[in-house]
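Encoded as structure tokens, the structure appears first; notes follow it.
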Amino acid sequence: MKLLTINPGSTSTKIAVFNDLEPVYSESIPHTVAELSRFARVSDQFEYRRDLVLKFLKDNDIPLEFDAVVGRGGLLKPVEGGVYEVNAQMLSEMEHPMRNHACNLGCRIAHDIAGRIAGCRALTADPGVVDELCPEARISGSPLLPRITTWHALNQRAIGRRFAREQGRRYEDMNLVIAHLGGGISVGAHRLGRCVDVNNAFDGEGPFSPERAGSLPSGALIDLCYSHRYTCEQLKRRISGNAGLAAHLGTTDVREIVKKIEEGDEKARLVLDAMIYHIAKAIGGAAVALDGDLNAILLTGGVAYSDYVISRLRRRIEFLGPVFVYPGENEMLALASNGLGALRGEIPIKSYV
């Protein structure tokens with residue numbers, strides 16, 4: 001089967017064409033700040049990004065003949081994991097999403113190309129708002145602030161399925177701790193095919209990461225909010241964007257930080273080791289959420305390419321269970337895998353309501 005996958009991100013639009021799970025064409029189109037600054041809202045980028053996808057297809061002589069177009073999921077209301085048909089309800093809610101992010105354009109572009117041009121199905125899979133938390137995980141120490149999830153559901157669940165296949169088993173029959181280590185970090189406790197606990201990686205919970213602050217001291221954060229030193233928008237940037245490694249060391253590039261460490265930079269060593277320490281604590285907490293009954297710990301995401309990070313993380317967590325590493329984000333393959341499974345009837349196609 002032939003699938004077109006589309007993944008709009010904050011600084012790029014990724015496009016790939018698959019024959020079954022074999023990538024035939026792929027492209028990551030970068031977007032500069034100057035290019036995107038002419039759009040008042042993320043939603044205003046729809047036609048610009050859609051036209052880039054169509055230009056890519058035309059430039060590579062790829063006919064608009066697909067069995068499905070699969071777009072990255074947006075930040076809608078919480079849903080169960082799985083594959084969803086892009087429908088009118090989803091498109092309507094994308095006009096006022098819970099958070100503004102380029103991923104919200106994925107299902108809109110997929111629907112437009114699939115319905116208006118290619119004449120096939122438009123699908124999306126495992127958006128970042130997948131919510132399968134157990135009841136206890138939803139409760140925080142304040143009734144005003146129940147826990148919610150925004151995490152790397154697409155990649156985590158795809159890696160869980162991939163690992164299960166490699167073991168000759170089903171993802172739905174295994175207990176796994178899966179850590180996505182990227183610009184943001186999410187650590188999920190996957191029990192029998194459902195992620196029963198995971199940190200809110202988008203909004204500032206869990207370990208700090210290359211660009212996010214993670215959990216912070218609540219009282220001190222409230223004091224900072226009322227200090228009049230920063231605007232609301234500036235403080236949000238201190239939570240996500242100019243936070244984590246970026247705030248401490250001025251870069252999110254782990255390779256650059258490791259190079260500084262090799263040159264004797266002790267501050268760089270301390271900060272990176274601290275991030276590894278907090279990731280390990282989160283993995284330990286996820287193991288507890290599974291009552292210590294886990295088949296494996298899976299490490300994925302761009303930071304998983306770093307031998308420095310993985311070797312030190314292994315030493316802290318391998319007593320919990322066997323550790324397997326799947327570097328990279330794998331999102332395009334994950335979209336294709338979900339789409340193909342849905343078309344073959346192996347994964348049910350759900351309706352968004």
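Ordering of the structure tokens sets the chain letters (A, B, ...); residue numbers start at 1 within each chain; ligands are numbered from 1 in the order shown.
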
Using only C-alpha atoms, tabulate the residues of region 114-233 of chain A lying at most 12 Å from any atom of region 257-272 of chain A, each with its closest atom pair and that distance in Å to one decimal, by chain and increasing residue number, as a tab-separated table.
```
residue	atom	partner	partner_atom	distance
A:Pro207	CA	A:Leu272	CA	11.8
A:Phe208	CA	A:Leu272	CA	10.1
A:Ser209	CA	A:Leu272	CA	9.4
A:Pro210	CA	A:Leu272	CA	9.2
```

Write to file, as an mmCIF file, in the first residue's frame, the residues of the selection just made, with N, CA and C atoms.
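To be explicit, this is the file written out as again04.cif:
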```
data_model
loop_
_atom_site.group_PDB
_atom_site.id
_atom_site.type_symbol
_atom_site.label_atom_id
_atom_site.label_comp_id
_atom_site.auth_asym_id
_atom_site.auth_seq_id
_atom_site.Cartn_x
_atom_site.Cartn_y
_atom_site.Cartn_z
ATOM 1 N N PRO A 207 11.521 15.152 34.510
ATOM 2 C CA PRO A 207 12.920 15.583 34.459
ATOM 3 C C PRO A 207 13.111 16.776 33.539
ATOM 4 N N PHE A 208 14.109 17.619 33.844
ATOM 5 C CA PHE A 208 14.403 18.679 32.884
ATOM 6 C C PHE A 208 15.086 18.077 31.665
ATOM 7 N N SER A 209 15.055 18.822 30.572
ATOM 8 C CA SER A 209 15.476 18.288 29.284
ATOM 9 C C SER A 209 16.329 19.329 28.567
ATOM 10 N N PRO A 210 16.750 19.078 27.340
ATOM 11 C CA PRO A 210 17.531 20.091 26.630
ATOM 12 C C PRO A 210 16.867 21.461 26.560
#
```

Which residues of region 250-350 of chain A come within 9 Å of region 64-71 of chain A, and for each one, what is the closest pair of atoms and their distance in Å to one decimal, counting only C-alpha atoms, sorted by chain and residue number, as JSON lines?
```
{"residue": "A:Leu335", "atom": "CA", "partner": "A:Val70", "partner_atom": "CA", "distance": 6.2}
{"residue": "A:Ala336", "atom": "CA", "partner": "A:Val70", "partner_atom": "CA", "distance": 7.1}
{"residue": "A:Asn338", "atom": "CA", "partner": "A:Val70", "partner_atom": "CA", "distance": 8.5}
{"residue": "A:Gly339", "atom": "CA", "partner": "A:Val70", "partner_atom": "CA", "distance": 6.4}
{"residue": "A:Leu340", "atom": "CA", "partner": "A:Ala68", "partner_atom": "CA", "distance": 8.5}
{"residue": "A:Leu343", "atom": "CA", "partner": "A:Asp67", "partner_atom": "CA", "distance": 8.1}
```

For N, CA and C atoms, I'd like the residues from the last selection saved as a PDB file, in the first residue's frame.
```pdb
ATOM      1  N   LEU A 335       3.973   6.878  11.930  1.00  0.00           N
ATOM      2  CA  LEU A 335       2.743   7.256  11.233  1.00  0.00           C
ATOM      3  C   LEU A 335       2.395   6.235  10.159  1.00  0.00           C
ATOM      4  N   ALA A 336       3.413   5.824   9.383  1.00  0.00           N
ATOM      5  CA  ALA A 336       3.175   4.849   8.323  1.00  0.00           C
ATOM      6  C   ALA A 336       2.742   3.505   8.896  1.00  0.00           C
ATOM      7  N   ASN A 338       1.201   2.878  11.720  1.00  0.00           N
ATOM      8  CA  ASN A 338      -0.180   2.970  12.189  1.00  0.00           C
ATOM      9  C   ASN A 338      -1.159   2.979  11.023  1.00  0.00           C
ATOM     10  N   GLY A 339      -0.827   3.760   9.982  1.00  0.00           N
ATOM     11  CA  GLY A 339      -1.717   3.823   8.826  1.00  0.00           C
ATOM     12  C   GLY A 339      -1.856   2.489   8.127  1.00  0.00           C
ATOM     13  N   LEU A 340      -0.733   1.794   7.937  1.00  0.00           N
ATOM     14  CA  LEU A 340      -0.761   0.496   7.265  1.00  0.00           C
ATOM     15  C   LEU A 340      -1.539  -0.521   8.094  1.00  0.00           C
ATOM     16  N   LEU A 343      -5.233   0.190   7.662  1.00  0.00           N
ATOM     17  CA  LEU A 343      -5.758  -0.205   6.358  1.00  0.00           C
ATOM     18  C   LEU A 343      -5.865  -1.718   6.225  1.00  0.00           C
TER      19      LEU A 343
END
```

To one decimal place, how far is CA of Ser227 (chain A) from CA of Asn200 (chain A) in Å?
25.7 Å

What separates CA of Asp20 (chain A) and CA of Leu3 (chain A) is a distance of 7.2 Å

Would you return as a VMD selection string the members of region 129-335 of chain A that DSSP assigns to strand (DSSP E or B) on this structure's backbone?
chain A and resid 130 175 to 181 185 to 191 194 to 198 212 240 296 to 301 323 to 328

I need the residues from that last selection saved to file as a CSV table (one decimal), in the first residue's frame (with N, CA, C and O atoms), if you can.
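This is the output file again_1.csv:
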```
chain,number,residue,atom,x,y,z
A,130,VAL,N,-2.8,11.7,24.0
A,130,VAL,CA,-3.3,10.4,24.4
A,130,VAL,C,-3.3,10.4,26.0
A,130,VAL,O,-2.3,10.6,26.6
A,175,ASN,N,4.6,-5.3,29.9
A,175,ASN,CA,4.8,-4.1,30.7
A,175,ASN,C,6.1,-3.5,30.4
A,175,ASN,O,7.2,-4.1,30.6
A,176,LEU,N,6.1,-2.2,30.0
A,176,LEU,CA,7.3,-1.6,29.6
A,176,LEU,C,7.4,-0.2,30.2
A,176,LEU,O,6.4,0.5,30.4
A,177,VAL,N,8.6,0.3,30.5
A,177,VAL,CA,8.9,1.7,30.8
A,177,VAL,C,9.6,2.2,29.5
A,177,VAL,O,10.6,1.7,29.1
A,178,ILE,N,9.0,3.3,28.9
A,178,ILE,CA,9.6,3.8,27.7
A,178,ILE,C,9.9,5.3,28.0
A,178,ILE,O,9.0,6.1,28.4
A,179,ALA,N,11.1,5.7,27.7
A,179,ALA,CA,11.6,7.1,27.9
A,179,ALA,C,11.9,7.7,26.5
A,179,ALA,O,12.8,7.2,25.8
A,180,HIS,N,11.2,8.7,26.2
A,180,HIS,CA,11.6,9.5,25.0
A,180,HIS,C,12.5,10.6,25.4
A,180,HIS,O,12.1,11.5,26.2
A,181,LEU,N,13.7,10.6,24.9
A,181,LEU,CA,14.7,11.6,25.3
A,181,LEU,C,15.0,12.5,24.1
A,181,LEU,O,15.8,12.2,23.2
A,185,ILE,N,11.3,15.6,27.3
A,185,ILE,CA,11.5,14.2,27.8
A,185,ILE,C,10.2,13.7,28.5
A,185,ILE,O,9.7,14.4,29.3
A,186,SER,N,9.7,12.6,28.0
A,186,SER,CA,8.6,12.0,28.6
A,186,SER,C,8.9,10.5,29.0
A,186,SER,O,9.6,9.8,28.2
A,187,VAL,N,8.5,10.1,30.1
A,187,VAL,CA,8.8,8.7,30.6
A,187,VAL,C,7.4,8.1,30.9
A,187,VAL,O,6.7,8.5,31.8
A,188,GLY,N,7.1,7.0,30.2
A,188,GLY,CA,5.8,6.4,30.4
A,188,GLY,C,5.9,5.0,31.0
A,188,GLY,O,6.8,4.2,30.7
A,189,ALA,N,4.8,4.7,31.8
A,189,ALA,CA,4.7,3.3,32.3
A,189,ALA,C,3.6,2.7,31.5
A,189,ALA,O,2.4,3.0,31.6
A,190,HIS,N,4.0,1.7,30.6
A,190,HIS,CA,3.0,1.1,29.7
A,190,HIS,C,2.6,-0.3,30.3
A,190,HIS,O,3.5,-1.2,30.3
A,191,ARG,N,1.4,-0.4,30.6
A,191,ARG,CA,0.9,-1.7,31.2
A,191,ARG,C,-0.1,-2.3,30.2
A,191,ARG,O,-1.2,-1.7,29.9
A,194,ARG,N,-1.4,0.0,27.4
A,194,ARG,CA,-2.0,1.3,27.8
A,194,ARG,C,-0.9,2.0,28.7
A,194,ARG,O,-0.3,1.4,29.5
A,195,CYS,N,-0.7,3.3,28.4
A,195,CYS,CA,0.2,4.1,29.2
A,195,CYS,C,-0.5,4.6,30.4
A,195,CYS,O,-1.2,5.7,30.4
A,196,VAL,N,-0.3,4.0,31.6
A,196,VAL,CA,-1.1,4.3,32.8
A,196,VAL,C,-0.5,5.4,33.6
A,196,VAL,O,-1.2,5.9,34.5
A,197,ASP,N,0.7,5.8,33.3
A,197,ASP,CA,1.2,7.0,33.9
A,197,ASP,C,2.4,7.6,33.1
A,197,ASP,O,3.1,6.8,32.5
A,198,VAL,N,2.4,8.9,32.9
A,198,VAL,CA,3.4,9.6,32.1
A,198,VAL,C,3.5,11.0,32.6
A,198,VAL,O,2.4,11.6,32.9
A,212,ARG,N,13.5,22.2,28.2
A,212,ARG,CA,12.3,22.3,29.1
A,212,ARG,C,12.8,22.2,30.6
A,212,ARG,O,13.7,21.4,30.9
A,240,SER,N,9.6,26.3,28.9
A,240,SER,CA,9.7,25.6,27.7
A,240,SER,C,10.3,26.4,26.6
A,240,SER,O,9.8,27.4,26.2
A,296,ALA,N,10.9,-4.7,30.2
A,296,ALA,CA,12.1,-4.0,29.7
A,296,ALA,C,11.9,-2.5,29.8
A,296,ALA,O,10.8,-2.0,30.1
A,297,ILE,N,13.1,-1.8,29.7
A,297,ILE,CA,13.1,-0.4,29.7
A,297,ILE,C,13.6,0.0,28.3
A,297,ILE,O,14.6,-0.5,27.9
A,298,LEU,N,12.9,0.9,27.6
A,298,LEU,CA,13.2,1.2,26.2
A,298,LEU,C,13.6,2.7,26.2
A,298,LEU,O,12.8,3.6,26.7
A,299,LEU,N,14.7,3.1,25.6
A,299,LEU,CA,15.2,4.4,25.5
A,299,LEU,C,15.2,4.9,24.1
A,299,LEU,O,15.8,4.2,23.2
A,300,THR,N,14.5,6.0,23.8
A,300,THR,CA,14.4,6.4,22.4
A,300,THR,C,14.5,7.9,22.3
A,300,THR,O,14.7,8.6,23.4
A,301,GLY,N,14.4,8.5,21.1
A,301,GLY,CA,14.6,10.0,21.0
A,301,GLY,C,16.0,10.3,20.5
A,301,GLY,O,16.9,9.5,20.6
A,323,VAL,N,17.6,-3.2,29.5
A,323,VAL,CA,17.5,-1.9,28.8
A,323,VAL,C,17.8,-2.0,27.3
A,323,VAL,O,18.8,-2.7,26.9
A,324,PHE,N,17.0,-1.5,26.5
A,324,PHE,CA,17.1,-1.5,25.0
A,324,PHE,C,17.1,-0.1,24.5
A,324,PHE,O,16.3,0.7,25.0
A,325,VAL,N,17.9,0.2,23.5
A,325,VAL,CA,18.0,1.6,23.0
A,325,VAL,C,17.6,1.6,21.5
A,325,VAL,O,18.0,0.9,20.7
A,326,TYR,N,16.7,2.6,21.2
A,326,TYR,CA,16.2,2.8,19.9
A,326,TYR,C,16.4,4.3,19.6
A,326,TYR,O,15.4,5.1,19.8
A,327,PRO,N,17.5,4.7,19.1
A,327,PRO,CA,17.8,6.2,18.9
A,327,PRO,C,16.9,6.8,17.9
A,327,PRO,O,16.5,6.1,16.9
A,328,GLY,N,16.6,8.1,18.0
A,328,GLY,CA,15.9,8.8,17.0
A,328,GLY,C,14.4,8.9,17.4
A,328,GLY,O,13.9,8.3,18.3
```

Ala16 (chain A) environment, 6 Å, only C-alpha atoms, sequence neighbours closer than 5 positions dropped, as JSON, numbers by chain:
{"A": [4, 5, 25, 26]}

Write a file of the selected residues as a compact mmCIF listing (two decimals), in the first residue's frame, keeping N, CA, C and O atoms.
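Result file follows (again.txt):
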```
# COMPACT_ATOMS: atom_id res chain seq x y z
N LEU A 4 1.19 8.47 2.29
CA LEU A 4 1.85 9.76 2.43
C LEU A 4 1.75 10.16 3.90
O LEU A 4 0.65 10.17 4.46
N THR A 5 2.89 10.45 4.52
CA THR A 5 2.90 10.87 5.92
C THR A 5 3.39 12.30 6.02
O THR A 5 4.33 12.70 5.32
N TYR A 25 10.40 8.08 -0.65
CA TYR A 25 10.85 9.47 -0.70
C TYR A 25 10.68 10.08 0.68
O TYR A 25 9.72 9.75 1.39
N SER A 26 11.57 10.97 1.05
CA SER A 26 11.40 11.69 2.31
C SER A 26 12.10 13.04 2.22
O SER A 26 13.07 13.21 1.48
```

Of the listed residues A:Asn295, A:Ser12, A:Ser92, A:Ser337, that which approaches Gly321 (chain A) most closely, counting only C-alpha atoms
A:Asn295

So that I can check the surroundings of Met90 (chain A), please list as a ChimeraX atom specification every protein, DNA and RNA residue that reaches within 8 Å of it, counting only C-alpha atoms and ignoring chain neighbours fewer than 6 positions away.
/A:76,352-353

Write out the residues from the selection above, keeping all heavy atoms, as a PDB file, in the first residue's frame.
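The resulting file, result32.pdb, is reproduced below:
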```pdb
ATOM      1  N   LEU A  76      -5.561  18.167  20.746  1.00  0.00           N
ATOM      2  CA  LEU A  76      -7.001  18.207  20.951  1.00  0.00           C
ATOM      3  C   LEU A  76      -7.331  17.854  22.395  1.00  0.00           C
ATOM      4  O   LEU A  76      -6.462  17.849  23.262  1.00  0.00           O
ATOM      5  CB  LEU A  76      -7.674  17.226  19.985  1.00  0.00           C
ATOM      6  CG  LEU A  76      -7.568  17.582  18.498  1.00  0.00           C
ATOM      7  CD1 LEU A  76      -7.768  16.337  17.646  1.00  0.00           C
ATOM      8  CD2 LEU A  76      -8.594  18.643  18.139  1.00  0.00           C
ATOM      9  N   TYR A 352     -13.375  10.138  16.197  1.00  0.00           N
ATOM     10  CA  TYR A 352     -13.167  11.218  17.161  1.00  0.00           C
ATOM     11  C   TYR A 352     -14.499  11.902  17.436  1.00  0.00           C
ATOM     12  O   TYR A 352     -15.172  12.356  16.506  1.00  0.00           O
ATOM     13  CB  TYR A 352     -12.152  12.229  16.611  1.00  0.00           C
ATOM     14  CG  TYR A 352     -11.852  13.356  17.569  1.00  0.00           C
ATOM     15  CD1 TYR A 352     -10.934  13.191  18.602  1.00  0.00           C
ATOM     16  CD2 TYR A 352     -12.493  14.588  17.450  1.00  0.00           C
ATOM     17  CE1 TYR A 352     -10.652  14.208  19.493  1.00  0.00           C
ATOM     18  CE2 TYR A 352     -12.223  15.619  18.337  1.00  0.00           C
ATOM     19  CZ  TYR A 352     -11.302  15.427  19.347  1.00  0.00           C
ATOM     20  OH  TYR A 352     -11.044  16.445  20.233  1.00  0.00           O
ATOM     21  N   VAL A 353     -14.889  11.955  18.702  1.00  0.00           N
ATOM     22  CA  VAL A 353     -16.178  12.565  19.071  1.00  0.00           C
ATOM     23  C   VAL A 353     -15.979  13.556  20.218  1.00  0.00           C
ATOM     24  O   VAL A 353     -14.999  13.524  20.912  1.00  0.00           O
ATOM     25  CB  VAL A 353     -17.212  11.495  19.496  1.00  0.00           C
ATOM     26  CG1 VAL A 353     -17.562  10.612  18.311  1.00  0.00           C
ATOM     27  CG2 VAL A 353     -16.679  10.640  20.643  1.00  0.00           C
TER      28      VAL A 353
END
```

Residues near Lys281 (chain A), anyone? I mean within 12 Å using only C-alpha atoms, not counting same-chain ones fewer than 4 positions away, as an NGL selection string.
:A and (179 or 187 or 206-208 or 274-277 or 285-288 or 313 or 316-317 or 320)

Could you please take those selected residues and save C-alpha atoms as a PDB file, in the first residue's frame?
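Everything below was put into again04.pdb:
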```
ATOM      1  CA  ALA A 179      11.591   7.064  27.870  1.00  0.00           C
ATOM      2  CA  VAL A 187       8.766   8.721  30.610  1.00  0.00           C
ATOM      3  CA  GLY A 206       9.167  15.386  35.143  1.00  0.00           C
ATOM      4  CA  PRO A 207      12.920  15.583  34.459  1.00  0.00           C
ATOM      5  CA  PHE A 208      14.403  18.679  32.884  1.00  0.00           C
ATOM      6  CA  ALA A 274      22.056  16.163  36.665  1.00  0.00           C
ATOM      7  CA  MET A 275      19.716  15.711  33.707  1.00  0.00           C
ATOM      8  CA  ILE A 276      20.698  12.030  33.497  1.00  0.00           C
ATOM      9  CA  TYR A 277      20.106  11.684  37.253  1.00  0.00           C
ATOM     10  CA  GLY A 285       9.101   6.075  39.329  1.00  0.00           C
ATOM     11  CA  ALA A 286       7.568   4.542  36.209  1.00  0.00           C
ATOM     12  CA  ALA A 287       8.817   1.123  37.307  1.00  0.00           C
ATOM     13  CA  VAL A 288       7.050   1.667  40.636  1.00  0.00           C
ATOM     14  CA  LEU A 313      21.818   6.232  32.395  1.00  0.00           C
ATOM     15  CA  ARG A 316      21.636   3.928  37.167  1.00  0.00           C
ATOM     16  CA  ILE A 317      18.642   1.941  35.867  1.00  0.00           C
ATOM     17  CA  LEU A 320      15.349  -2.451  37.295  1.00  0.00           C
TER      18      LEU A 320
END
```

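Proximity of A:Pro23, A:Gly82, A:Pro63, A:Gly244 to Ile347 (chain A), computed with only C-alpha atoms, is greatest for A:Gly82.
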
Residue list (helix (DSSP H, G or I), DSSP) for region 40-244 of chain A, as a ChimeraX atom specification
/A:42-59,88-93,102-118,135-138,153-166,171-173,218-225,232-239

Using only C-alpha atoms, determine which residues lie at most 12 Å from Asp51 (chain A), disregarding the query and same-chain residues fewer than 3 positions distant; provide the list as a list in words.
Thr13, Ile29, Gln45, Phe46, Glu47, Tyr48, Leu54, Lys55, Phe56, Leu57, Lys58, Asp59, Ile109, Ala110, Asp112 and Ile113 of chain A

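Among the candidates A:Leu294, A:Ala334, A:Leu221, A:Leu123, the residue lying nearest to Arg161 (chain A) is A:Ala334 (atoms considered: only C-alpha atoms).
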
Please indicate the distance in Å from CA of Pro8 (chain A) to CA of Glu27 (chain A), rounded to one decimal place.
11.7 Å
